[in-house]
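Student: If it helps, the file is called query05.txt and holds compact mmCIF, C-alpha atoms:
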```txt
# COMPACT_ATOMS: atom_id res chain seq x y z
CA VAL K 5 49.20 165.65 78.83
CA SER K 6 51.78 163.13 79.87
CA ASP K 7 55.34 163.20 78.63
CA ALA K 8 58.54 161.80 80.05
CA LEU K 9 61.33 164.05 81.27
CA ALA K 10 64.84 163.01 80.28
CA ALA K 11 66.47 160.83 82.92
CA TRP K 12 69.50 162.07 84.86
CA ALA K 13 71.92 159.50 86.27
CA VAL K 14 74.69 159.21 88.82
CA GLU K 15 76.74 156.27 87.57
CA SER K 16 78.22 155.50 91.00
CA VAL K 17 77.18 157.32 94.16
CA SER K 18 80.41 158.51 95.73
CA ALA K 19 81.34 158.12 99.41
CA GLU K 20 83.79 160.98 98.94
CA ARG K 21 81.00 163.29 97.77
CA MET K 22 78.89 162.20 100.77
CA ARG K 23 81.73 163.38 103.00
CA ALA K 24 81.90 166.71 101.13
CA LEU K 25 78.14 167.18 101.42
CA ALA K 26 78.21 166.29 105.14
CA ALA K 27 80.60 169.23 105.61
CA VAL K 28 78.28 171.58 103.70
CA LEU K 29 75.24 170.36 105.65
CA GLY K 30 76.96 170.24 109.03
CA ASP K 31 75.51 166.75 109.37
CA PRO K 32 77.72 164.39 111.40
CA ASN K 33 75.39 161.38 111.02
CA PRO K 34 77.91 158.50 110.79
CA ILE K 35 75.80 156.47 108.35
CA HIS K 36 76.97 158.92 105.65
CA LEU K 37 80.63 158.71 106.64
CA ASP K 38 81.47 155.25 107.89
CA ALA K 39 80.41 151.88 106.47
CA ALA K 40 81.09 150.29 109.87
CA ALA K 41 78.44 152.55 111.43
CA VAL K 42 75.93 151.40 108.81
CA ARG K 43 76.74 147.75 109.56
CA ALA K 44 76.48 148.33 113.32
CA LEU K 45 72.94 149.67 112.86
CA GLY K 46 71.96 146.73 110.65
CA LEU K 47 71.18 149.06 107.73
CA GLY K 48 73.56 147.58 105.15
CA ASP K 49 77.26 147.46 104.46
CA ARG K 50 78.01 150.72 102.60
CA GLN K 51 77.66 154.41 103.42
CA ILE K 52 74.12 155.75 102.97
CA ASN K 53 73.68 158.82 100.77
CA GLN K 54 72.17 161.90 102.40
CA GLY K 55 68.48 162.51 101.74
CA PRO K 56 69.23 166.03 100.47
CA ALA K 57 71.65 164.56 97.92
CA ASN K 58 68.92 162.26 96.60
CA LEU K 59 66.64 165.28 96.43
CA GLY K 60 69.41 167.17 94.65
CA TYR K 61 69.57 164.49 91.94
CA VAL K 62 65.85 164.99 91.30
CA ILE K 63 66.36 168.76 91.11
CA ASN K 64 69.30 168.28 88.72
CA MET K 65 67.07 166.15 86.50
CA LEU K 66 64.38 168.86 86.45
CA GLN K 67 66.91 171.61 85.72
CA ALA K 68 68.32 169.63 82.79
CA ALA K 69 64.90 168.68 81.42
CA LEU K 70 63.27 172.12 81.82
CA PRO K 71 66.10 174.66 81.35
CA GLY K 72 65.39 178.09 82.80
CA ALA K 73 62.28 176.98 84.67
CA ALA K 74 61.82 178.36 88.19
CA PHE K 75 61.08 175.94 91.02
CA ALA K 76 57.79 176.59 92.81
CA GLY K 77 57.22 173.39 94.76
CA LEU K 78 58.71 169.96 95.41
CA ARG K 79 57.12 167.35 97.64
CA VAL K 80 58.88 164.02 98.09
CA ARG K 81 58.91 160.94 100.26
CA PHE K 82 62.18 159.14 100.89
CA LEU K 83 61.29 155.48 100.45
CA ALA K 84 64.61 153.62 100.58
CA PRO K 85 68.28 154.39 101.13
CA VAL K 86 70.78 154.96 98.33
CA PHE K 87 74.17 153.42 99.08
CA ALA K 88 77.71 154.27 98.03
CA GLY K 89 78.43 152.61 94.69
CA ASP K 90 74.78 152.52 93.61
CA ARG K 91 73.74 153.73 90.16
CA ALA K 92 70.91 156.21 90.80
CA VAL K 93 68.62 157.49 88.05
CA ALA K 94 66.29 160.46 88.52
CA GLY K 95 63.26 160.61 86.27
CA GLY K 96 60.00 162.40 85.81
CA ARG K 97 56.82 162.71 83.80
CA VAL K 98 54.83 165.86 83.03
CA GLU K 99 51.32 165.43 84.40
CA ALA K 100 49.93 168.86 83.53
CA ARG K 101 51.13 171.90 81.63
CA ALA K 102 49.11 175.13 81.57
CA ALA K 103 49.67 178.89 81.69
CA GLY K 104 53.42 178.50 81.89
CA ARG K 105 53.24 176.08 84.79
CA VAL K 106 54.32 172.44 84.75
CA ASP K 107 53.27 169.81 87.28
CA ALA K 108 55.34 166.64 87.17
CA ALA K 109 55.68 163.32 88.92
CA VAL K 110 59.30 162.77 89.93
CA TRP K 111 61.33 159.89 91.31
CA LEU K 112 64.76 158.47 91.97
CA ASP K 113 65.42 154.81 91.22
CA VAL K 114 68.42 152.64 92.05
CA ASP K 115 69.56 149.96 89.61
CA GLY K 116 68.60 146.62 91.09
CA GLY K 117 66.95 148.20 94.10
CA PRO K 118 63.67 149.71 95.21
CA ARG K 119 62.50 153.22 94.34
CA ALA K 120 64.37 155.62 96.64
CA VAL K 121 62.43 158.86 96.22
CA GLU K 122 58.97 159.64 94.87
CA GLY K 123 56.98 162.83 94.70
CA THR K 124 55.69 165.75 92.69
CA ALA K 125 57.18 169.00 91.44
CA THR K 126 55.78 172.30 90.22
CA LEU K 127 57.87 174.59 88.02
CA ILE K 128 57.20 177.88 86.26
CA LEU K 129 58.47 177.92 82.69
CA PRO K 130 60.44 180.92 81.40
CA PRO K 131 58.55 183.25 79.02
CA ASP K 132 58.88 182.29 75.36
CA MET T 28 57.81 158.82 126.53
CA SER T 29 55.68 161.58 125.03
CA PHE T 30 57.09 164.70 123.45
CA ASP T 31 53.70 166.29 122.83
CA HIS T 32 54.82 169.36 124.75
CA LEU T 33 57.28 170.18 121.94
CA ALA T 34 54.55 170.81 119.35
CA GLY T 35 54.66 174.47 118.36
CA THR T 36 58.08 175.07 119.91
CA ALA T 37 59.84 177.82 117.97
CA LEU T 38 63.37 177.12 116.79
CA PRO T 39 65.90 179.84 117.61
CA GLY T 40 66.19 181.12 114.05
CA GLY T 41 69.14 182.93 112.57
CA ASP T 42 70.69 184.37 109.47
CA ALA T 43 71.76 182.78 106.21
CA ARG T 44 73.88 184.21 103.42
CA ILE T 45 75.22 181.75 100.85
CA SER T 46 78.27 182.65 98.79
CA ALA T 47 78.89 181.57 95.22
CA ALA T 48 81.80 179.47 96.51
CA GLU T 49 79.51 177.61 98.92
CA ASP T 50 77.07 177.06 96.08
CA ARG T 51 79.84 175.53 93.96
CA ARG T 52 80.75 173.14 96.80
CA LEU T 53 77.15 172.01 97.18
CA VAL T 54 76.60 171.66 93.45
CA GLU T 55 79.81 169.65 93.08
CA ALA T 56 78.78 167.32 95.92
CA ILE T 57 75.52 166.47 94.13
CA GLY T 58 76.90 166.44 90.59
CA GLY T 59 74.96 169.45 89.37
CA VAL T 60 75.84 172.48 87.27
CA PRO T 61 76.27 175.99 88.82
CA ASP T 62 73.86 178.61 87.48
CA PRO T 63 75.86 181.36 85.72
CA SER T 64 73.15 183.93 86.59
CA GLY T 65 74.05 183.85 90.31
CA ALA T 66 70.92 181.98 91.32
CA LEU T 67 71.68 179.39 93.97
CA HIS T 68 70.94 175.73 93.37
CA PRO T 69 67.30 175.17 94.42
CA LEU T 70 68.48 172.62 97.01
CA TRP T 71 69.64 175.57 99.11
CA ALA T 72 66.00 176.04 100.08
CA PHE T 73 66.56 172.88 102.09
CA VAL T 74 70.16 173.41 103.15
CA ALA T 75 70.11 177.13 104.02
CA MET T 76 67.11 176.75 106.28
CA ARG T 77 68.51 173.67 108.02
CA GLY T 78 71.79 175.52 108.55
CA GLY T 79 70.31 178.86 109.51
CA VAL T 80 67.47 177.90 111.80
CA GLY T 81 69.72 178.10 114.83
CA VAL T 82 69.74 174.46 115.88
CA THR T 83 71.98 171.74 114.46
CA ILE T 84 70.66 168.31 113.54
CA PRO T 85 72.18 166.70 116.69
CA GLU T 86 70.74 169.52 118.85
CA LEU T 87 67.33 169.18 117.23
CA PHE T 88 67.19 165.44 117.85
CA ALA T 89 68.54 165.86 121.39
CA LEU T 90 65.27 167.67 122.19
CA VAL T 91 63.59 164.26 121.87
CA GLU T 92 66.46 162.43 123.57
CA PHE T 93 67.67 160.89 120.32
CA ASP T 94 71.36 160.44 119.51
CA VAL T 95 72.34 161.21 115.92
CA ALA T 96 74.61 158.12 116.05
CA ASP T 97 71.48 155.94 116.18
CA GLY T 98 70.78 156.43 112.47
CA PRO T 99 68.09 159.06 111.90
CA MET T 100 66.62 159.22 108.38
CA ILE T 101 64.55 161.80 106.57
CA GLY T 102 61.07 160.54 105.71
CA SER T 103 59.62 163.36 103.64
CA THR T 104 60.25 166.93 102.55
CA GLU T 105 58.05 169.63 101.07
CA LEU T 106 59.76 172.70 99.63
CA GLU T 107 58.12 175.81 98.21
CA TRP T 108 59.92 178.66 96.50
CA ARG T 109 58.43 182.12 95.96
CA ARG T 110 61.49 183.10 93.89
CA PRO T 111 65.02 181.76 93.28
CA LEU T 112 67.57 182.21 96.07
CA GLN T 113 70.53 184.41 95.15
CA ALA T 114 74.21 184.14 96.07
CA GLY T 115 75.25 186.79 98.59
CA GLU T 116 71.70 187.81 99.56
CA ALA T 117 70.99 188.09 103.30
CA TYR T 118 68.14 185.94 104.58
CA ARG T 119 66.48 185.41 107.93
CA VAL T 120 65.45 181.88 108.90
CA GLY T 121 62.70 180.87 111.31
CA GLY T 122 60.97 177.64 112.14
CA GLU T 123 59.19 175.49 114.64
CA ILE T 124 58.63 171.90 115.69
CA VAL T 125 55.24 170.83 114.36
CA GLY T 126 55.03 167.68 116.44
CA VAL T 127 56.53 164.34 117.43
CA GLU T 128 54.53 161.12 116.97
CA ARG T 129 55.40 157.56 118.00
CA ARG T 130 54.80 155.15 115.12
CA HIS T 131 55.31 151.43 114.57
CA GLY T 132 56.38 149.80 111.31
CA ARG T 133 56.29 146.08 110.49
CA ARG T 134 59.91 146.13 109.32
CA THR T 135 61.22 149.10 111.23
CA GLY T 136 59.69 148.59 114.67
CA ALA T 137 59.06 151.64 116.84
CA PHE T 138 60.17 155.07 115.62
CA ASP T 139 59.36 158.69 116.28
CA LEU T 140 58.27 160.92 113.41
CA MET T 141 59.50 164.44 114.13
CA ARG T 142 57.96 167.14 111.95
CA VAL T 143 59.67 170.50 111.53
CA ARG T 144 58.66 173.56 109.52
CA GLU T 145 61.06 176.29 108.41
CA ARG T 146 60.83 179.53 106.46
CA LEU T 147 63.32 181.78 104.71
CA LEU T 148 62.65 185.53 104.60
CA ASP T 149 64.43 188.26 102.69
CA GLY T 150 65.62 191.60 104.11
CA ASP T 151 62.14 193.08 103.67
CA GLY T 152 60.55 190.22 105.60
CA ALA T 153 59.02 188.70 102.46
CA GLU T 154 58.88 184.92 102.32
CA VAL T 155 61.35 183.47 99.82
CA ALA T 156 60.98 179.76 100.56
CA THR T 157 59.47 177.33 103.05
CA ALA T 158 60.29 173.78 104.04
CA ALA T 159 58.49 171.04 105.95
CA HIS T 160 60.43 167.95 106.94
CA ALA T 161 59.52 164.69 108.67
CA PHE T 162 62.47 162.96 110.31
CA VAL T 163 62.35 159.25 111.18
CA LEU T 164 64.04 158.48 114.49
CA PRO T 165 64.30 154.71 115.12
CA ARG T 166 63.54 153.70 118.70
CA ARG T 167 65.18 150.30 118.80
CA GLY T 168 63.90 148.26 121.70
CA ALA T 169 61.05 150.67 122.47
CA ALA T 170 57.47 149.45 122.79
```
Would you put the structure from the file into structure tokens?

Tutor:
Amino acid sequence: VSDALAAWAVESVSAERMRALAAVLGDPNPIHLDAAAVRALGLGDRQINQGPANLGYVINMLQAALPGAAFAGLRVRFLAPVFAGDRAVAGGRVEARAAGRVDAAVWLDVDGGPRAVEGTATLILPPD
Amino acid sequence: MSFDHLAGTALPGGDARISAAEDRRLVEAIGGVPDPSGALHPLWAFVAMRGGVGVTIPELFALVEFDVADGPMIGSTELEWRRPLQAGEAYRVGGEIVGVERRHGRRTGAFDLMRVRERLLDGDGAEVATAAHAFVLPRRGAA
């Protein structure tokens, strides 16, 4: 079994939303708040999206593709940063489906950039 | 400098209770859709434990003499849910430092990989979710 999950996109990653998420997370890391801090560290020239936000995009994709499914597991590696202004696209592919359980490969890609997140997810489908 | 002595160190722990309003703020920040059933966005398994484990990100990294202004990144995360988290439900959070390893990357140079494990329990002490994170702490100029 191998079928693609519908992609879920953020057309332009927002620095304002990074600031809002930093408040929710209690994360004062300046690379999410200040482009000058990113430049000073030699990491680029725009604010860097929080890892949990990138993970959230993958979760949003799974929620949209598998409505009503319960999350059981999600294992990801964060491979590259996502910057303010990037177009980020979360995608996935069902690798196995049995007894109401779905195992999927998941990822987050950035237009014109390297893969940002890669991993696997396990969800429990709602009863028919 | 070695931080081997930190392996197994328990984090203080604490309580977590997420309101529907907090869930809306998180969901809005990541462009998602709130669940009308009252279930929290699954990302709370990450956020509630980080927020409720009794040590902030700067405090956690200070244990290995790392300043949050030096650009820490998250390397990997593993989340497991036993059931969906619910708005307004009281949870207890616990966790520990798994270990701290010095690594060297061709592009990145020296960095420490700090592994942390966290768990979220309900009022009956039953596990609701667990998290395991590896944080990348660049050690610019270190051997």

Student: Show which residues sit within 12 Å of K:Ala103, as a list in words. Count all atoms listed in the file, and ignore same-chain residues fewer than 6 positions away.

Tutor: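 Here the qualifying residues turn out to be Leu127, Ile128, Leu129, Pro130, Pro131 and Asp132 of chain K.
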
Student: Out of T:Leu87, T:Ala114, T:Val95, T:Met76, which residue has the shortest atom-to-atom distance to T:Val127 when counting all atoms listed in the file?

Tutor: T:Leu87

Student: Skipping near chain neighbours, those fewer than 2 positions away, what residues fall within 7 Å of T:Ala37 using all atoms listed in the file, listed as a ChimeraX atom specification?

Tutor: /T:35,39,122-124

Student: What residues in chain K have any atom no more than 9 Å from chain T when counting only C-alpha atoms, and can you write them as a PyMOL selection string?

Tutor: chain K and resi 14+18+20-25+28-35+41-42+45+47+54-61+63-64+74-83+85

Student: Step by step: start from the point (60.1, 148.2, 114.2) in the file's coordinates, keep every protein, DNA or RNA residue that has an atom no farther than 9 Å from it, count all atoms listed in the file, and write the set as a list in words.

Tutor: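 The residues near that point, listed by chain and number, are Arg130, His131, Gly132, Arg133, Arg134, Thr135, Gly136, Ala137, Phe138, Pro165, Arg166, Arg167, Gly168 and Ala169 of chain T.
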
Student: Rank nothing, just name the residue among K:Arg101, K:Ala11, K:Arg119, K:Phe87 nearest to K:His36, using all atoms listed in the file.

Tutor: K:Phe87

Student: Atom CA of T:Gly65 and atom CA of T:Gly121 are how many Å apart?

Tutor: 24.1 Å

Student: May I ask for the distance between atom CA of T:Gly126 and atom CA of T:His32, given in Å to one decimal place?

Tutor: 8.5 Å

Student: Between atom CA of T:Ala48 and atom CA of T:Leu67, what is the distance in Å, rounded to a tenth?

Tutor: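 If I compute the distance from atom CA of T:Ala48 to atom CA of T:Leu67, I get 10.4 Å.
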
Student: Enclose the full set of atoms of stretch 53-59 of chain K listed in the file within a box whose edges lie along x, y and z, apply 4 Å of padding to each of the six sides, and report centre and edge lengths in Å to one decimal as AutoDock Vina command-line options.

Tutor:
```
--center_x 70.2 --center_y 162.4 --center_z 99.4 --size_x 15.0 --size_y 15.2 --size_z 14.0
```

Student: I'd like to know which of T:Leu112, T:Val143, T:Val120, T:Ala89 is closest to T:Ala72, using only C-alpha atoms.

Tutor: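 Among the listed residues, T:Leu112 lies closest to T:Ala72.
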
Student: Might you pull out every residue within 12 Å of T:Asp31, with all atoms listed in the file counted and same-chain residues fewer than 2 positions away left off, and present them as a list in words?

Tutor: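 Residues meeting the cut-off are Met28, Ser29, Leu33, Ala34, Gly35, Thr36, Leu90, Val91, Ile124, Val125, Gly126, Val127, Glu128, Arg129, Asp139, Leu140, Met141 and Arg142 of chain T.
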
Student: With C-alpha atoms retained, export the selected residues as a PDB file, in the coordinates of the input.

Tutor:
```pdb
ATOM      1  CA  MET T  28      57.810 158.820 126.530  1.00  0.00           C
ATOM      2  CA  SER T  29      55.680 161.580 125.030  1.00  0.00           C
ATOM      3  CA  LEU T  33      57.280 170.180 121.940  1.00  0.00           C
ATOM      4  CA  ALA T  34      54.550 170.810 119.350  1.00  0.00           C
ATOM      5  CA  GLY T  35      54.660 174.470 118.360  1.00  0.00           C
ATOM      6  CA  THR T  36      58.080 175.070 119.910  1.00  0.00           C
ATOM      7  CA  LEU T  90      65.270 167.670 122.190  1.00  0.00           C
ATOM      8  CA  VAL T  91      63.590 164.260 121.870  1.00  0.00           C
ATOM      9  CA  ILE T 124      58.630 171.900 115.690  1.00  0.00           C
ATOM     10  CA  VAL T 125      55.240 170.830 114.360  1.00  0.00           C
ATOM     11  CA  GLY T 126      55.030 167.680 116.440  1.00  0.00           C
ATOM     12  CA  VAL T 127      56.530 164.340 117.430  1.00  0.00           C
ATOM     13  CA  GLU T 128      54.530 161.120 116.970  1.00  0.00           C
ATOM     14  CA  ARG T 129      55.400 157.560 118.000  1.00  0.00           C
ATOM     15  CA  ASP T 139      59.360 158.690 116.280  1.00  0.00           C
ATOM     16  CA  LEU T 140      58.270 160.920 113.410  1.00  0.00           C
ATOM     17  CA  MET T 141      59.500 164.440 114.130  1.00  0.00           C
ATOM     18  CA  ARG T 142      57.960 167.140 111.950  1.00  0.00           C
TER      19      ARG T 142
END
```
